[in-house]
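structure_10.cif follows (mmCIF, C-alpha atoms):
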data_entry
loop_
_atom_site.group_PDB
_atom_site.id
_atom_site.type_symbol
_atom_site.label_atom_id
_atom_site.label_comp_id
_atom_site.auth_asym_id
_atom_site.auth_seq_id
_atom_site.Cartn_x
_atom_site.Cartn_y
_atom_site.Cartn_z
ATOM 1 C CA MET A 1 78.074 8.148 -30.760
ATOM 2 C CA SER A 2 81.017 5.931 -31.565
ATOM 3 C CA LEU A 3 83.351 4.360 -29.040
ATOM 4 C CA ARG A 4 86.167 6.213 -30.803
ATOM 5 C CA THR A 5 84.488 9.520 -29.980
ATOM 6 C CA ASP A 6 83.998 8.484 -26.358
ATOM 7 C CA LEU A 7 87.641 7.457 -26.034
ATOM 8 C CA ALA A 8 88.736 10.753 -27.585
ATOM 9 C CA GLN A 9 86.760 12.631 -24.921
ATOM 10 C CA ILE A 10 88.501 10.593 -22.227
ATOM 11 C CA ASP A 11 91.927 11.306 -23.732
ATOM 12 C CA THR A 12 91.084 15.020 -23.773
ATOM 13 C CA ALA A 13 89.937 14.937 -20.153
ATOM 14 C CA ASN A 14 93.078 13.092 -19.063
ATOM 15 C CA ALA A 15 95.328 15.511 -20.939
ATOM 16 C CA SER A 16 93.591 18.545 -19.425
ATOM 17 C CA GLY A 17 94.639 17.772 -15.858
ATOM 18 C CA LYS A 18 91.235 19.028 -14.722
ATOM 19 C CA PRO A 19 88.866 16.999 -12.547
ATOM 20 C CA PRO A 20 86.635 14.957 -14.866
ATOM 21 C CA VAL A 21 82.854 14.772 -14.749
ATOM 22 C CA VAL A 22 80.924 12.117 -16.660
ATOM 23 C CA PHE A 23 77.324 12.680 -17.766
ATOM 24 C CA ILE A 24 75.069 9.663 -18.366
ATOM 25 C CA HIS A 25 71.762 10.067 -20.178
ATOM 26 C CA GLY A 26 68.683 7.918 -19.752
ATOM 27 C CA LEU A 27 66.102 6.397 -22.057
ATOM 28 C CA TRP A 28 64.596 8.449 -24.905
ATOM 29 C CA LEU A 29 67.489 10.939 -24.948
ATOM 30 C CA LEU A 30 70.987 11.186 -26.470
ATOM 31 C CA PRO A 31 74.321 12.469 -25.092
ATOM 32 C CA SER A 32 73.639 15.798 -26.809
ATOM 33 C CA SER A 33 70.953 16.420 -24.174
ATOM 34 C CA TRP A 34 73.817 17.218 -21.762
ATOM 35 C CA GLN A 35 75.585 19.828 -23.915
ATOM 36 C CA ARG A 36 74.584 22.865 -21.850
ATOM 37 C CA TRP A 37 75.532 21.029 -18.649
ATOM 38 C CA ALA A 38 78.912 20.103 -20.102
ATOM 39 C CA ASP A 39 79.540 23.735 -21.019
ATOM 40 C CA LEU A 40 78.541 24.900 -17.521
ATOM 41 C CA PHE A 41 80.831 22.407 -15.785
ATOM 42 C CA ALA A 42 83.672 23.205 -18.191
ATOM 43 C CA ALA A 43 83.347 26.885 -17.316
ATOM 44 C CA ALA A 44 83.617 25.887 -13.649
ATOM 45 C CA GLY A 45 86.950 24.167 -14.278
ATOM 46 C CA TYR A 46 85.913 20.561 -14.952
ATOM 47 C CA ALA A 47 86.692 18.295 -17.882
ATOM 48 C CA PRO A 48 83.307 17.049 -19.120
ATOM 49 C CA VAL A 49 82.917 13.618 -20.713
ATOM 50 C CA VAL A 50 79.561 12.870 -22.351
ATOM 51 C CA PRO A 51 79.629 9.269 -23.606
ATOM 52 C CA GLY A 52 76.787 7.456 -25.293
ATOM 53 C CA TRP A 53 75.112 4.167 -24.645
ATOM 54 C CA PRO A 54 76.432 1.458 -27.002
ATOM 55 C CA ASP A 55 75.479 2.282 -30.635
ATOM 56 C CA ASP A 56 73.953 5.683 -29.849
ATOM 57 C CA PRO A 57 73.556 7.697 -33.074
ATOM 58 C CA ASP A 58 75.104 11.153 -33.206
ATOM 59 C CA THR A 59 71.890 13.073 -33.916
ATOM 60 C CA VAL A 60 68.172 12.948 -33.168
ATOM 61 C CA VAL A 61 67.434 12.824 -36.899
ATOM 62 C CA GLU A 62 69.672 9.794 -37.349
ATOM 63 C CA ALA A 63 68.239 8.149 -34.233
ATOM 64 C CA ASN A 64 64.662 8.481 -35.403
ATOM 65 C CA ALA A 65 65.594 7.207 -38.858
ATOM 66 C CA HIS A 66 67.266 4.078 -37.438
ATOM 67 C CA PRO A 67 65.457 3.166 -34.210
ATOM 68 C CA GLU A 68 66.608 -0.440 -34.391
ATOM 69 C CA VAL A 69 70.093 0.516 -33.108
ATOM 70 C CA PHE A 70 68.644 1.125 -29.635
ATOM 71 C CA ALA A 71 67.175 -2.366 -29.258
ATOM 72 C CA LYS A 72 68.534 -5.118 -26.994
ATOM 73 C CA LYS A 73 70.526 -2.941 -24.608
ATOM 74 C CA SER A 74 70.386 -4.369 -21.089
ATOM 75 C CA VAL A 75 71.149 -2.555 -17.829
ATOM 76 C CA GLY A 76 74.149 -4.816 -17.229
ATOM 77 C CA GLN A 77 75.560 -4.340 -20.709
ATOM 78 C CA VAL A 78 75.230 -0.565 -20.542
ATOM 79 C CA ALA A 79 76.570 -0.389 -16.976
ATOM 80 C CA ASP A 80 79.666 -2.384 -17.960
ATOM 81 C CA HIS A 81 80.125 -0.104 -20.977
ATOM 82 C CA PHE A 82 80.146 3.035 -18.829
ATOM 83 C CA CYS A 83 82.249 1.509 -16.070
ATOM 84 C CA ASP A 84 84.867 0.473 -18.634
ATOM 85 C CA LEU A 85 84.989 4.024 -19.998
ATOM 86 C CA ILE A 86 85.121 5.566 -16.526
ATOM 87 C CA GLY A 87 87.969 3.237 -15.596
ATOM 88 C CA ARG A 88 90.049 4.736 -18.411
ATOM 89 C CA LEU A 89 90.119 8.142 -16.731
ATOM 90 C CA ASP A 90 93.279 8.983 -14.818
ATOM 91 C CA ARG A 91 91.245 10.322 -11.887
ATOM 92 C CA LYS A 92 87.954 9.247 -10.384
ATOM 93 C CA PRO A 93 85.304 11.471 -11.942
ATOM 94 C CA ALA A 94 82.161 12.998 -10.636
ATOM 95 C CA ILE A 95 79.262 11.199 -12.302
ATOM 96 C CA VAL A 96 75.939 12.866 -13.109
ATOM 97 C CA GLY A 97 73.055 10.837 -14.515
ATOM 98 C CA HIS A 98 69.380 11.332 -15.313
ATOM 99 C CA SER A 99 66.606 8.718 -15.149
ATOM 100 C CA PHE A 100 68.146 5.369 -16.189
ATOM 101 C CA GLY A 101 71.374 7.342 -16.303
ATOM 102 C CA GLY A 102 70.774 8.021 -12.602
ATOM 103 C CA LEU A 103 70.547 4.283 -12.004
ATOM 104 C CA LEU A 104 73.743 3.738 -14.022
ATOM 105 C CA THR A 105 75.392 6.484 -11.968
ATOM 106 C CA GLN A 106 74.548 4.644 -8.747
ATOM 107 C CA ILE A 107 75.745 1.328 -10.188
ATOM 108 C CA SER A 108 79.064 2.953 -11.130
ATOM 109 C CA ALA A 109 79.400 4.589 -7.711
ATOM 110 C CA GLY A 110 78.586 1.276 -6.081
ATOM 111 C CA ARG A 111 81.563 -0.198 -7.922
ATOM 112 C CA GLY A 112 83.794 2.441 -6.334
ATOM 113 C CA LEU A 113 84.368 4.427 -9.522
ATOM 114 C CA SER A 114 83.037 7.851 -8.517
ATOM 115 C CA ALA A 115 84.497 10.767 -6.586
ATOM 116 C CA ALA A 116 80.976 12.194 -6.178
ATOM 117 C CA SER A 117 77.667 11.314 -7.810
ATOM 118 C CA VAL A 118 74.426 13.063 -8.666
ATOM 119 C CA ALA A 119 71.436 10.896 -9.619
ATOM 120 C CA ILE A 120 68.582 12.961 -11.047
ATOM 121 C CA ASP A 121 65.096 11.382 -10.980
ATOM 122 C CA PRO A 122 66.851 7.981 -11.010
ATOM 123 C CA ALA A 123 65.209 4.814 -12.294
ATOM 124 C CA PRO A 124 64.525 2.282 -9.511
ATOM 125 C CA PHE A 125 66.706 -0.675 -8.604
ATOM 126 C CA ARG A 126 66.209 -3.846 -6.571
ATOM 127 C CA GLY A 127 64.988 -2.856 -3.100
ATOM 128 C CA VAL A 128 63.102 0.235 -4.280
ATOM 129 C CA LEU A 129 59.486 -0.793 -3.772
ATOM 130 C CA PRO A 130 57.016 2.044 -4.540
ATOM 131 C CA LEU A 131 54.994 1.739 -7.760
ATOM 132 C CA PRO A 132 53.102 5.020 -8.183
ATOM 133 C CA ILE A 133 50.258 5.127 -10.700
ATOM 134 C CA SER A 134 51.948 7.824 -12.806
ATOM 135 C CA ALA A 135 55.153 5.783 -13.097
ATOM 136 C CA LEU A 136 53.185 2.688 -14.106
ATOM 137 C CA ARG A 137 51.377 4.725 -16.756
ATOM 138 C CA VAL A 138 54.677 5.883 -18.242
ATOM 139 C CA ALA A 139 56.222 2.410 -18.126
ATOM 140 C CA SER A 140 53.139 0.849 -19.736
ATOM 141 C CA VAL A 141 54.221 2.449 -23.019
ATOM 142 C CA VAL A 142 56.822 -0.337 -23.100
ATOM 143 C CA LEU A 143 55.598 -2.937 -20.625
ATOM 144 C CA GLY A 144 52.150 -3.164 -22.227
ATOM 145 C CA ASN A 145 53.587 -5.371 -24.995
ATOM 146 C CA PRO A 146 56.002 -8.172 -23.988
ATOM 147 C CA ALA A 147 57.495 -8.099 -27.495
ATOM 148 C CA ASN A 148 58.937 -4.667 -26.645
ATOM 149 C CA TYR A 149 61.567 -6.400 -24.502
ATOM 150 C CA HIS A 150 63.639 -6.914 -27.654
ATOM 151 C CA ARG A 151 62.588 -3.726 -29.435
ATOM 152 C CA ALA A 152 63.350 -0.045 -29.535
ATOM 153 C CA VAL A 153 60.258 1.920 -28.516
ATOM 154 C CA PRO A 154 59.628 5.568 -29.460
ATOM 155 C CA LEU A 155 57.339 7.923 -27.565
ATOM 156 C CA THR A 156 54.441 9.708 -29.196
ATOM 157 C CA TYR A 157 54.194 13.400 -28.430
ATOM 158 C CA ASP A 158 51.347 12.773 -25.954
ATOM 159 C CA GLN A 159 53.418 10.121 -24.167
ATOM 160 C CA PHE A 160 56.411 12.475 -24.010
ATOM 161 C CA ARG A 161 54.180 15.278 -22.746
ATOM 162 C CA TYR A 162 52.951 13.107 -19.866
ATOM 163 C CA GLY A 163 56.210 11.320 -19.041
ATOM 164 C CA PHE A 164 58.712 14.137 -19.513
ATOM 165 C CA ALA A 165 57.220 17.532 -20.240
ATOM 166 C CA ASN A 166 54.144 17.781 -17.990
ATOM 167 C CA ALA A 167 55.554 20.732 -16.023
ATOM 168 C CA VAL A 168 56.277 23.061 -18.970
ATOM 169 C CA THR A 169 54.060 24.901 -21.443
ATOM 170 C CA GLU A 170 52.591 23.190 -24.480
ATOM 171 C CA ASP A 171 54.866 25.180 -26.782
ATOM 172 C CA GLU A 172 57.976 24.209 -24.838
ATOM 173 C CA ALA A 173 56.875 20.574 -24.640
ATOM 174 C CA ARG A 174 56.568 20.397 -28.433
ATOM 175 C CA GLN A 175 59.962 22.061 -28.864
ATOM 176 C CA LEU A 176 61.598 19.611 -26.437
ATOM 177 C CA TYR A 177 60.001 16.642 -28.196
ATOM 178 C CA ALA A 178 61.292 17.780 -31.576
ATOM 179 C CA GLU A 179 64.771 18.608 -30.300
ATOM 180 C CA PHE A 180 65.511 15.719 -27.952
ATOM 181 C CA ALA A 181 63.167 12.711 -28.117
ATOM 182 C CA VAL A 182 64.511 9.471 -29.638
ATOM 183 C CA PRO A 183 63.515 5.764 -29.381
ATOM 184 C CA ALA A 184 64.762 3.709 -26.438
ATOM 185 C CA SER A 185 65.558 0.104 -25.633
ATOM 186 C CA GLY A 186 62.630 -1.663 -24.005
ATOM 187 C CA GLU A 187 64.757 -4.140 -22.078
ATOM 188 C CA PRO A 188 65.860 -1.869 -19.188
ATOM 189 C CA LEU A 189 62.255 -1.024 -18.320
ATOM 190 C CA PHE A 190 61.364 -4.705 -18.091
ATOM 191 C CA GLN A 191 64.456 -5.262 -15.937
ATOM 192 C CA ALA A 192 63.560 -2.436 -13.561
ATOM 193 C CA ALA A 193 59.933 -3.573 -13.364
ATOM 194 C CA THR A 194 60.929 -7.101 -12.320
ATOM 195 C CA ALA A 195 63.983 -6.230 -10.201
ATOM 196 C CA ASN A 196 62.306 -7.073 -6.896
ATOM 197 C CA LEU A 197 61.175 -10.441 -8.244
ATOM 198 C CA ASN A 198 64.540 -11.490 -9.645
ATOM 199 C CA PRO A 199 67.444 -12.091 -7.227
ATOM 200 C CA TRP A 200 69.822 -12.141 -10.202
ATOM 201 C CA THR A 201 68.611 -8.891 -11.738
ATOM 202 C CA GLU A 202 71.097 -6.533 -13.378
ATOM 203 C CA ALA A 203 69.039 -3.606 -12.022
ATOM 204 C CA LYS A 204 70.803 -3.641 -8.661
ATOM 205 C CA VAL A 205 73.142 -1.303 -6.791
ATOM 206 C CA ASP A 206 75.820 -2.013 -4.191
ATOM 207 C CA THR A 207 74.626 0.630 -1.746
ATOM 208 C CA GLY A 208 76.928 -0.515 1.046
ATOM 209 C CA ASN A 209 80.323 -0.137 -0.642
ATOM 210 C CA PRO A 210 82.364 2.214 1.602
ATOM 211 C CA ASP A 211 84.099 3.460 -1.541
ATOM 212 C CA ARG A 212 80.821 4.617 -3.081
ATOM 213 C CA GLY A 213 81.602 8.298 -2.457
ATOM 214 C CA PRO A 214 79.208 11.179 -1.783
ATOM 215 C CA LEU A 215 75.797 10.926 -3.476
ATOM 216 C CA LEU A 216 73.072 13.470 -4.136
ATOM 217 C CA ILE A 217 69.656 12.416 -5.403
ATOM 218 C CA ILE A 218 67.637 15.165 -7.106
ATOM 219 C CA SER A 219 63.871 14.759 -7.492
ATOM 220 C CA GLY A 220 61.547 16.889 -9.593
ATOM 221 C CA GLU A 221 58.403 17.680 -7.601
ATOM 222 C CA LYS A 222 56.030 17.058 -10.525
ATOM 223 C CA ASP A 223 57.876 14.139 -12.140
ATOM 224 C CA HIS A 224 55.438 11.517 -13.417
ATOM 225 C CA THR A 225 58.109 9.018 -14.491
ATOM 226 C CA VAL A 226 60.147 8.942 -11.259
ATOM 227 C CA PRO A 227 57.988 10.558 -8.576
ATOM 228 C CA TRP A 228 59.294 11.562 -5.149
ATOM 229 C CA SER A 229 58.264 8.217 -3.635
ATOM 230 C CA ILE A 230 60.683 6.360 -5.941
ATOM 231 C CA ALA A 231 63.520 8.875 -5.557
ATOM 232 C CA ASN A 232 63.110 8.901 -1.778
ATOM 233 C CA ALA A 233 63.032 5.103 -1.644
ATOM 234 C CA SER A 234 66.346 5.100 -3.536
ATOM 235 C CA TYR A 235 67.679 7.574 -0.979
ATOM 236 C CA ARG A 236 66.554 5.341 1.891
ATOM 237 C CA GLN A 237 68.407 2.415 0.324
ATOM 238 C CA GLN A 238 71.552 4.561 0.071
ATOM 239 C CA LYS A 239 71.514 6.616 3.263
ATOM 240 C CA ASP A 240 73.231 4.050 5.498
ATOM 241 C CA ASN A 241 76.366 4.188 3.353
ATOM 242 C CA PRO A 242 79.267 5.710 5.345
ATOM 243 C CA ALA A 243 79.680 8.414 2.691
ATOM 244 C CA VAL A 244 77.525 11.538 2.502
ATOM 245 C CA THR A 245 74.057 10.851 1.073
ATOM 246 C CA GLU A 246 71.605 13.685 0.407
ATOM 247 C CA ILE A 247 68.319 14.226 -1.395
ATOM 248 C CA VAL A 248 66.725 17.433 -2.617
ATOM 249 C CA GLU A 249 63.415 18.145 -4.337
ATOM 250 C CA ILE A 250 63.265 20.830 -7.030
ATOM 251 C CA PRO A 251 59.812 22.499 -6.968
ATOM 252 C CA ASP A 252 57.520 22.536 -10.014
ATOM 253 C CA ARG A 253 59.752 20.342 -12.160
ATOM 254 C CA GLY A 254 58.969 17.295 -14.284
ATOM 255 C CA HIS A 255 61.150 14.579 -15.806
ATOM 256 C CA SER A 256 62.446 17.014 -18.446
ATOM 257 C CA LEU A 257 64.220 19.012 -15.722
ATOM 258 C CA THR A 258 67.671 18.403 -17.249
ATOM 259 C CA ILE A 259 66.714 19.696 -20.711
ATOM 260 C CA ASP A 260 63.909 22.215 -20.292
ATOM 261 C CA SER A 261 64.069 25.968 -19.652
ATOM 262 C CA GLY A 262 64.731 25.422 -15.941
ATOM 263 C CA TRP A 263 67.792 23.227 -16.507
ATOM 264 C CA ARG A 264 70.213 25.762 -15.043
ATOM 265 C CA GLU A 265 68.731 25.553 -11.530
ATOM 266 C CA VAL A 266 69.099 21.769 -11.570
ATOM 267 C CA ALA A 267 72.597 21.932 -13.047
ATOM 268 C CA GLY A 268 73.598 24.524 -10.470
ATOM 269 C CA THR A 269 72.366 22.271 -7.663
ATOM 270 C CA ALA A 270 74.413 19.391 -9.069
ATOM 271 C CA LEU A 271 77.503 21.558 -9.607
ATOM 272 C CA THR A 272 77.391 22.938 -6.067
ATOM 273 C CA PHE A 273 77.290 19.401 -4.661
ATOM 274 C CA VAL A 274 80.118 18.197 -6.877
ATOM 275 C CA GLN A 275 82.278 21.186 -5.943
ATOM 276 C CA ARG A 276 82.031 20.232 -2.259
ATOM 277 C CA PHE A 277 83.796 16.937 -2.873
ATOM 278 C CA HIS A 278 85.630 17.002 -6.223
#

structure tokens encoding of this file:
Amino acid sequence: MSLRTDLAQIDTANASGKPPVVFIHGLWLLPSSWQRWADLFAAAGYAPVVPGWPDDPDTVVEANAHPEVFAKKSVGQVADHFCDLIGRLDRKPAIVGHSFGGLLTQISAGRGLSAASVAIDPAPFRGVLPLPISALRVASVVLGNPANYHRAVPLTYDQFRYGFANAVTEDEARQLYAEFAVPASGEPLFQAATANLNPWTEAKVDTGNPDRGPLLIISGEKDHTVPWSIANASYRQQKDNPAVTEIVEIPDRGHSLTIDSGWREVAGTALTFVQRFH
């Protein structure tokens, strides 16, 4: 998705006069993964903005044909990209992010840019210590080869099934893989994996900023990629902020909870929280 397209979305949101909401996707997905959420929030009176990471292709077909465009995207680079876009909105938006998008959401909120934030199965940041076996298994797809730091790494169907779609049927898992899965930059996973060893890591969040705004963390009960222990550790890092901080677990849901057939329950939980504050 081009910067021109992202800026056009921001212009549209500003012109609408409606409260904006920004959706941030994570690794192995594209902005199009948020389309149903954007429609739901628009129907509720919000102006949705669904920007891409730098150089995101427009379609899954294009993304899989040119995986190299995803390579060499660091957490800091992508965070600055989103924060620059968010800063162009006339009003502070709500920010909703999934996986590494959930980490980027918390980074943005920590910079005082959010009216309310929802981080769904968020990737860990410095200070989040648990390393569950299932999360290590998912990350090993990338971390198992140091050369992947500078590469774009696709998921096989079996890897997607375990890391994203373990809580849906086989038929739905295959449909989700075909419709949504794209390669992803390896660098952010290496950054998250070493965050607690590197005082200068980009995978860090200012959890104490009094301007952070209200934050909800959503955890899928059966998530292999970001299990409850990681989500709850993120919550514990955030809960001393003077703003409202909440966490909720959605039963029987895996990492695909934003895109699979149960998406509406998750989106409704996020929308209800946002409506309380924005």

### Message
Need the shell around Ala116 of chain A: protein/DNA/RNA residues with any atom at most 6 Å away, counting all atoms listed in the file. Skip same-chain ones fewer than 6 positions apart. Format as a list in words?
### Response
Ala94, Gly213, Pro214 and Leu215 of chain A

Could you list, as a compact mmCIF listing (two decimals) with C-alpha atoms, in the frame of the given file, every residue within 9 Å of Tyr235 of chain A, counting all atoms listed in the file and ignoring same-chain residues fewer than 3 positions away?
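As a result, out23.txt now contains:
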# COMPACT_ATOMS: atom_id res chain seq x y z
CA LEU A 216 73.07 13.47 -4.14
CA ILE A 217 69.66 12.42 -5.40
CA ILE A 230 60.68 6.36 -5.94
CA ALA A 231 63.52 8.88 -5.56
CA ASN A 232 63.11 8.90 -1.78
CA GLN A 238 71.55 4.56 0.07
CA LYS A 239 71.51 6.62 3.26
CA THR A 245 74.06 10.85 1.07
CA GLU A 246 71.60 13.68 0.41
CA ILE A 247 68.32 14.23 -1.40

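Here, the PyMOL selection byres ((chain A and resi 7) around 12) matches A:Met1, A:Ser2, A:Leu3, A:Arg4, A:Thr5, A:Asp6, A:Ala8, A:Gln9, A:Ile10, A:Asp11, A:Thr12, A:Ala13, A:Asn14, A:Val49, A:Val50, A:Pro51, A:Gly52, A:His81, A:Phe82, A:Asp84, A:Leu85, A:Ile86, A:Gly87, A:Arg88, A:Leu89.
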
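Distances here use all atoms listed in the file; by that measure, the residue among A:Pro227, A:Asp260, A:Trp28, A:Val205 closest to Gly127 of chain A is A:Val205.
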
### Within 8 Å of Asn209 of chain A using only C-alpha atoms, minus same-chain residues under 2 positions, as a PyMOL selection string
chain A and resi 110-112+206-207+211-212+241

### Distance in Å - atom CA of Asp80 of chain A versus atom CA of Ser108 of chain A
8.7 Å

### Query
Mind telling me what the PyMOL selection byres ((chain A and resi 181) around 6) catches here, as a list in words?
Trp28, Leu29, Tyr177, Phe180 and Val182 of chain A

Each residue of segment 86-164 of chain A lying at most 12 Å from segment 55-63 of chain A should get a row with its shortest atom-to-atom pair and the distance in Å to one decimal, counting all atoms listed in the file; could you produce that, ordered by chain and increasing number, as a Markdown table?
| residue | atom | partner | partner_atom | distance |
| --- | --- | --- | --- | --- |
| A:Ala152 | CA | A:Ala63 | CA | 10.6 |
| A:Val153 | CA | A:Ala63 | CA | 11.6 |
| A:Pro154 | CA | A:Ala63 | CA | 10.2 |

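Here the PyMOL selection byres ((chain A and resi 73) around 8) matches the residues Pro54, Phe70, Ala71, Lys72, Ser74, Val75, Gln77, Val78, Ser185, Glu187 and Pro188 of chain A.
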
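Proximity to Leu176 of chain A was assessed for A:Ser33, A:Gln106, A:Ala79, A:His224 counting all atoms listed in the file; the smallest distance is recorded for A:Ser33.
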
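Of the listed residues A:Leu113, A:Ala38, A:Leu189, A:Ile259, the one whose atoms come nearest to Gln175 of chain A is A:Ile259, with distances taken using only C-alpha atoms.
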
Give me segment 39-54 of chain A with N, CA, C and O atoms filled in, as a PDB file, keeping the file's coordinate frame.
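To be explicit, this is the file written out as selection_10.pdb:
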ATOM      1  N   ASP A  39      78.963  22.391 -20.891  1.00  0.00           N
ATOM      2  CA  ASP A  39      79.540  23.735 -21.019  1.00  0.00           C
ATOM      3  C   ASP A  39      79.615  24.427 -19.659  1.00  0.00           C
ATOM      4  O   ASP A  39      80.616  25.100 -19.343  1.00  0.00           O
ATOM      5  N   LEU A  40      78.562  24.272 -18.846  1.00  0.00           N
ATOM      6  CA  LEU A  40      78.541  24.900 -17.521  1.00  0.00           C
ATOM      7  C   LEU A  40      79.646  24.340 -16.632  1.00  0.00           C
ATOM      8  O   LEU A  40      80.376  25.093 -15.968  1.00  0.00           O
ATOM      9  N   PHE A  41      79.794  23.020 -16.619  1.00  0.00           N
ATOM     10  CA  PHE A  41      80.831  22.407 -15.785  1.00  0.00           C
ATOM     11  C   PHE A  41      82.230  22.739 -16.308  1.00  0.00           C
ATOM     12  O   PHE A  41      83.155  22.921 -15.521  1.00  0.00           O
ATOM     13  N   ALA A  42      82.380  22.824 -17.628  1.00  0.00           N
ATOM     14  CA  ALA A  42      83.672  23.205 -18.191  1.00  0.00           C
ATOM     15  C   ALA A  42      84.057  24.612 -17.749  1.00  0.00           C
ATOM     16  O   ALA A  42      85.217  24.876 -17.396  1.00  0.00           O
ATOM     17  N   ALA A  43      83.077  25.514 -17.744  1.00  0.00           N
ATOM     18  CA  ALA A  43      83.347  26.885 -17.316  1.00  0.00           C
ATOM     19  C   ALA A  43      83.724  26.947 -15.840  1.00  0.00           C
ATOM     20  O   ALA A  43      84.399  27.885 -15.400  1.00  0.00           O
ATOM     21  N   ALA A  44      83.297  25.941 -15.074  1.00  0.00           N
ATOM     22  CA  ALA A  44      83.617  25.887 -13.649  1.00  0.00           C
ATOM     23  C   ALA A  44      84.927  25.156 -13.377  1.00  0.00           C
ATOM     24  O   ALA A  44      85.294  24.945 -12.214  1.00  0.00           O
ATOM     25  N   GLY A  45      85.628  24.753 -14.448  1.00  0.00           N
ATOM     26  CA  GLY A  45      86.950  24.167 -14.278  1.00  0.00           C
ATOM     27  C   GLY A  45      87.010  22.661 -14.355  1.00  0.00           C
ATOM     28  O   GLY A  45      88.048  22.061 -14.042  1.00  0.00           O
ATOM     29  N   TYR A  46      85.940  22.022 -14.821  1.00  0.00           N
ATOM     30  CA  TYR A  46      85.913  20.561 -14.952  1.00  0.00           C
ATOM     31  C   TYR A  46      86.154  20.138 -16.398  1.00  0.00           C
ATOM     32  O   TYR A  46      85.999  20.929 -17.335  1.00  0.00           O
ATOM     33  N   ALA A  47      86.530  18.882 -16.551  1.00  0.00           N
ATOM     34  CA  ALA A  47      86.692  18.295 -17.882  1.00  0.00           C
ATOM     35  C   ALA A  47      85.490  17.391 -18.139  1.00  0.00           C
ATOM     36  O   ALA A  47      85.438  16.267 -17.618  1.00  0.00           O
ATOM     37  N   PRO A  48      84.509  17.853 -18.915  1.00  0.00           N
ATOM     38  CA  PRO A  48      83.307  17.049 -19.120  1.00  0.00           C
ATOM     39  C   PRO A  48      83.527  15.915 -20.119  1.00  0.00           C
ATOM     40  O   PRO A  48      84.226  16.069 -21.123  1.00  0.00           O
ATOM     41  N   VAL A  49      82.924  14.777 -19.822  1.00  0.00           N
ATOM     42  CA  VAL A  49      82.917  13.618 -20.713  1.00  0.00           C
ATOM     43  C   VAL A  49      81.460  13.199 -20.861  1.00  0.00           C
ATOM     44  O   VAL A  49      80.786  12.952 -19.860  1.00  0.00           O
ATOM     45  N   VAL A  50      80.978  13.147 -22.100  1.00  0.00           N
ATOM     46  CA  VAL A  50      79.561  12.870 -22.351  1.00  0.00           C
ATOM     47  C   VAL A  50      79.452  11.667 -23.284  1.00  0.00           C
ATOM     48  O   VAL A  50      79.192  11.803 -24.481  1.00  0.00           O
ATOM     49  N   PRO A  51      79.667  10.462 -22.757  1.00  0.00           N
ATOM     50  CA  PRO A  51      79.629   9.269 -23.606  1.00  0.00           C
ATOM     51  C   PRO A  51      78.205   8.819 -23.899  1.00  0.00           C
ATOM     52  O   PRO A  51      77.253   9.190 -23.205  1.00  0.00           O
ATOM     53  N   GLY A  52      78.082   8.016 -24.944  1.00  0.00           N
ATOM     54  CA  GLY A  52      76.787   7.456 -25.293  1.00  0.00           C
ATOM     55  C   GLY A  52      76.611   6.045 -24.771  1.00  0.00           C
ATOM     56  O   GLY A  52      77.555   5.399 -24.322  1.00  0.00           O
ATOM     57  N   TRP A  53      75.369   5.583 -24.813  1.00  0.00           N
ATOM     58  CA  TRP A  53      75.112   4.167 -24.645  1.00  0.00           C
ATOM     59  C   TRP A  53      75.688   3.462 -25.879  1.00  0.00           C
ATOM     60  O   TRP A  53      75.930   4.107 -26.910  1.00  0.00           O
ATOM     61  N   PRO A  54      75.919   2.157 -25.820  1.00  0.00           N
ATOM     62  CA  PRO A  54      76.432   1.458 -27.002  1.00  0.00           C
ATOM     63  C   PRO A  54      75.534   1.705 -28.226  1.00  0.00           C
ATOM     64  O   PRO A  54      74.307   1.588 -28.138  1.00  0.00           O
TER      65      PRO A  54
END
